[in-house]
>>> print(open('model-v9.pdb').read())   # PDB, C-alpha atoms
ATOM      1  CA  MET G   1      -8.991   7.398   8.452
ATOM      2  CA  ARG G   2      -5.765   5.913   9.759
ATOM      3  CA  TYR G   3      -4.308   9.405  10.252
ATOM      4  CA  GLN G   4      -7.056  10.329  12.683
ATOM      5  CA  TYR G   5      -6.425   7.261  14.810
ATOM      6  CA  ILE G   6      -2.680   7.776  14.757
ATOM      7  CA  PHE G   7      -3.100  11.409  15.736
ATOM      8  CA  LEU G   8      -5.590  10.598  18.492
ATOM      9  CA  SER G   9      -3.201   7.976  19.859
ATOM     10  CA  LEU G  10      -0.381  10.500  19.770
ATOM     11  CA  CYS G  11      -2.502  13.053  21.651
ATOM     12  CA  LEU G  12      -3.395  10.506  24.299
ATOM     13  CA  LEU G  13       0.223   9.435  24.626
ATOM     14  CA  LEU G  14       1.404  13.019  24.981
ATOM     15  CA  GLY G  15      -1.226  13.615  27.620
ATOM     16  CA  ALA G  16      -0.128  10.577  29.563
ATOM     17  CA  CYS G  17       3.503  11.725  29.436
ATOM     18  CA  LYS G  18       2.690  15.239  30.626
ATOM     19  CA  SER G  19       5.299  16.670  32.966
ATOM     20  CA  SER G  20       4.542  18.382  36.255
ATOM     21  CA  GLU G  21       4.711  21.817  34.641
ATOM     22  CA  GLN G  22       2.299  24.596  35.484
ATOM     23  CA  PRO G  23      -1.033  24.094  33.675
ATOM     24  CA  ILE G  24      -1.487  26.204  30.572
ATOM     25  CA  GLU G  25      -3.547  29.286  31.286
ATOM     26  CA  ARG G  26      -6.899  29.460  29.509
ATOM     27  CA  PRO G  27      -6.526  31.807  26.519
ATOM     28  CA  THR G  28      -8.938  34.725  26.426
ATOM     29  CA  ASP G  29      -9.702  33.890  22.791
ATOM     30  CA  LEU G  30     -10.137  30.135  23.355
ATOM     31  CA  LEU G  31     -12.132  28.413  20.619
ATOM     32  CA  ASP G  32     -15.099  26.504  21.973
ATOM     33  CA  LYS G  33     -15.209  22.733  21.578
ATOM     34  CA  SER G  34     -17.640  22.740  18.652
ATOM     35  CA  ILE G  35     -15.538  25.145  16.580
ATOM     36  CA  MET G  36     -12.375  23.258  17.468
ATOM     37  CA  THR G  37     -14.038  20.008  16.405
ATOM     38  CA  SER G  38     -15.175  21.499  13.113
ATOM     39  CA  ILE G  39     -11.712  22.869  12.331
ATOM     40  CA  LEU G  40     -10.039  19.572  13.198
ATOM     41  CA  ILE G  41     -12.437  17.667  10.938
ATOM     42  CA  ASP G  42     -11.568  19.986   8.060
ATOM     43  CA  LEU G  43      -7.836  19.736   8.787
ATOM     44  CA  HIS G  44      -7.957  15.939   8.837
ATOM     45  CA  LEU G  45      -9.908  15.867   5.581
ATOM     46  CA  ALA G  46      -7.266  18.143   4.039
ATOM     47  CA  GLU G  47      -4.562  15.836   5.340
ATOM     48  CA  ALA G  48      -6.330  12.849   3.783
ATOM     49  CA  LYS G  49      -6.495  14.683   0.444
ATOM     50  CA  MET G  50      -2.720  15.039   0.581
ATOM     51  CA  SER G  51      -2.332  11.273   0.311
ATOM     52  CA  TYR G  52      -4.163  11.428  -3.035
ATOM     53  CA  THR G  53      -2.189  14.269  -4.613
ATOM     54  CA  GLY G  54       0.065  11.890  -6.508
ATOM     55  CA  SER G  55       3.053  13.985  -5.514
ATOM     56  CA  ARG G  56       5.927  12.330  -3.722
ATOM     57  CA  ASN G  57       7.708  15.621  -3.116
ATOM     58  CA  ALA G  58       7.373  16.410   0.588
ATOM     59  CA  ASP G  59       7.934  20.122   0.007
ATOM     60  CA  SER G  60       5.107  20.313  -2.536
ATOM     61  CA  ILE G  61       2.752  18.408  -0.267
ATOM     62  CA  GLU G  62       3.643  20.706   2.635
ATOM     63  CA  ILE G  63       2.901  23.809   0.532
ATOM     64  CA  ILE G  64      -0.435  22.400  -0.640
ATOM     65  CA  TYR G  65      -1.393  21.450   2.931
ATOM     66  CA  ARG G  66      -0.481  24.914   4.243
ATOM     67  CA  ASN G  67      -2.759  26.428   1.593
ATOM     68  CA  TYR G  68      -5.597  24.147   2.698
ATOM     69  CA  GLU G  69      -4.884  25.057   6.313
ATOM     70  CA  TYR G  70      -4.969  28.778   5.535
ATOM     71  CA  ALA G  71      -8.289  28.382   3.688
ATOM     72  CA  ILE G  72      -9.770  26.368   6.560
ATOM     73  CA  PHE G  73      -8.819  29.012   9.119
ATOM     74  CA  GLU G  74     -10.204  31.695   6.834
ATOM     75  CA  ASP G  75     -13.491  29.760   6.373
ATOM     76  CA  HIS G  76     -13.860  29.470  10.138
ATOM     77  CA  LYS G  77     -12.834  33.114  10.617
ATOM     78  CA  VAL G  78     -10.016  32.054  12.945
ATOM     79  CA  THR G  79      -6.361  33.033  12.901
ATOM     80  CA  ASP G  80      -3.750  30.329  13.071
ATOM     81  CA  SER G  81      -2.417  31.756  16.334
ATOM     82  CA  VAL G  82      -5.847  31.515  18.000
ATOM     83  CA  TYR G  83      -6.191  27.944  16.752
ATOM     84  CA  PHE G  84      -2.738  26.906  17.983
ATOM     85  CA  ARG G  85      -3.223  28.558  21.398
ATOM     86  CA  SER G  86      -6.558  26.778  21.735
ATOM     87  CA  TYR G  87      -5.056  23.492  20.587
ATOM     88  CA  GLU G  88      -2.216  23.787  23.092
ATOM     89  CA  TYR G  89      -4.679  24.579  25.876
ATOM     90  CA  TYR G  90      -6.883  21.599  25.004
ATOM     91  CA  LEU G  91      -3.831  19.320  24.912
ATOM     92  CA  ASP G  92      -3.221  20.343  28.497
ATOM     93  CA  GLN G  93      -6.880  19.521  29.273
ATOM     94  CA  MET G  94      -6.729  15.922  28.072
ATOM     95  CA  GLU G  95     -10.275  14.989  29.118
ATOM     96  CA  VAL G  96     -11.674  17.787  26.967
ATOM     97  CA  MET G  97      -9.316  16.933  24.094
ATOM     98  CA  GLU G  98     -10.549  13.341  24.235
ATOM     99  CA  GLN G  99     -14.137  14.601  23.922
ATOM    100  CA  ILE G 100     -13.180  16.782  20.966
ATOM    101  CA  TYR G 101     -11.346  13.990  19.184
ATOM    102  CA  SER G 102     -14.102  11.524  19.903
ATOM    103  CA  ALA G 103     -16.469  13.878  18.061
ATOM    104  CA  VAL G 104     -13.931  14.304  15.240
ATOM    105  CA  VAL G 105     -13.490  10.553  14.783
ATOM    106  CA  ASP G 106     -17.259   9.956  14.970
ATOM    107  CA  SER G 107     -17.909  12.633  12.333
ATOM    108  CA  LEU G 108     -15.220  11.311  10.020
ATOM    109  CA  SER G 109     -16.571   7.775  10.436
ATOM    110  CA  VAL G 110     -20.070   8.928   9.505
ATOM    111  CA  MET G 111     -18.681  10.747   6.458
ATOM    112  CA  ASN G 112     -16.732   7.652   5.472
ATOM    113  CA  SER G 113     -19.816   5.433   5.828
ATOM    114  CA  ALA G 114     -21.904   7.840   3.773
ATOM    115  CA  GLU G 115     -19.265   7.827   1.012
ATOM    116  CA  LYS G 116     -19.144   4.031   1.010
ATOM    117  CA  ALA G 117     -22.933   3.848   0.826
ATOM    118  CA  LYS G 118     -22.905   6.316  -2.047
ATOM    119  CA  ASP G 119     -20.248   4.260  -3.858
ATOM    120  CA  LEU G 120     -22.370   1.153  -3.423
ATOM    121  CA  GLY G 121     -25.462   2.977  -4.689
ATOM    122  CA  ILE G 122     -27.420   2.468  -1.485
ATOM    123  CA  ALA G 123     -27.427   6.039  -0.215
ATOM    124  CA  ASN G 124     -30.743   7.889   0.200
ATOM    125  CA  ARG G 125     -32.990   4.877  -0.256
TER     126      ARG G 125
END
>>> encode(input="model-v9.pdb", output="structure tokens")
Amino acid sequence: MRYQYIFLSLCLLLGACKSSEQPIERPTDLLDKSIMTSILIDLHLAEAKMSYTGSRNADSIEIIYRNYEYAIFEDHKVTDSVYFRSYEYYLDQMEVMEQIYSAVVDSLSVMNSAEKAKDLGIANR
């Protein structure tokens, strides 16, 4: 979970430090907020799995993560270029990015709580 909070903080910081450049033009193939949220949840879960690989080799971890990333994009029927264009656009629209990441963090928190309840044997009672 700490990765999500670090990343959200980084996004907010980058948004606050935005220069006076021209705003990024809305891509014609922009992913809607719900799809973006779903992809980000999956990407953060994949990132969390990387901390449990047992590998200390950064190159190996990077390769494994890229494979997860490819599979996630394939599952969502999205190309990496569409995702990255959408991500860049949403970074320029910080209010919307905050909404997206709020939903991501909420979803991951619910998943985490459900896992803890399951571990304690109190789920589905």
>>> closest_residue(input="model-v9.pdb", among="G:Gly121, G:Thr28, G:Lys33, G:Pro23", to="G:Ile100", atoms="all atoms listed in the file")
G:Lys33
>>> closest_residue(input="model-v9.pdb", among="G:Met97, G:Phe73, G:Glu115, G:Ser102", to="G:Ile39", atoms="only C-alpha atoms")
G:Phe73
>>> residues_near_point(input="model-v9.pdb", point="(-15.8, 14.1, 4.7)", cutoff="10 Å", atoms="all atoms listed in the file", output="list in words")
Ile41, Asp42, His44, Leu45, Ala46, Ala48, Ser107, Leu108, Ser109, Val110, Met111, Asn112, Ser113, Ala114 and Glu115 of chain G
>>> atom_distance(input="model-v9.pdb", atom1="atom CA of G:Glu62", atom2="atom CA of G:Lys49")
12.0 Å
>>> atom_distance(input="model-v9.pdb", atom1="atom CA of G:Gln99", atom2="atom CA of G:His76")
20.3 Å
>>> atom_distance(input="model-v9.pdb", atom1="atom CA of G:Met50", atom2="atom CA of G:Ile122")
27.8 Å
>>> resolve_selection(input="model-v9.pdb", expression="the PyMOL selection byres ((chain G and resi 32) around 12)", output="PyMOL selection string")
chain G and resi 26-31+33-39+78+82-83+86-87+89-90+96-97+100
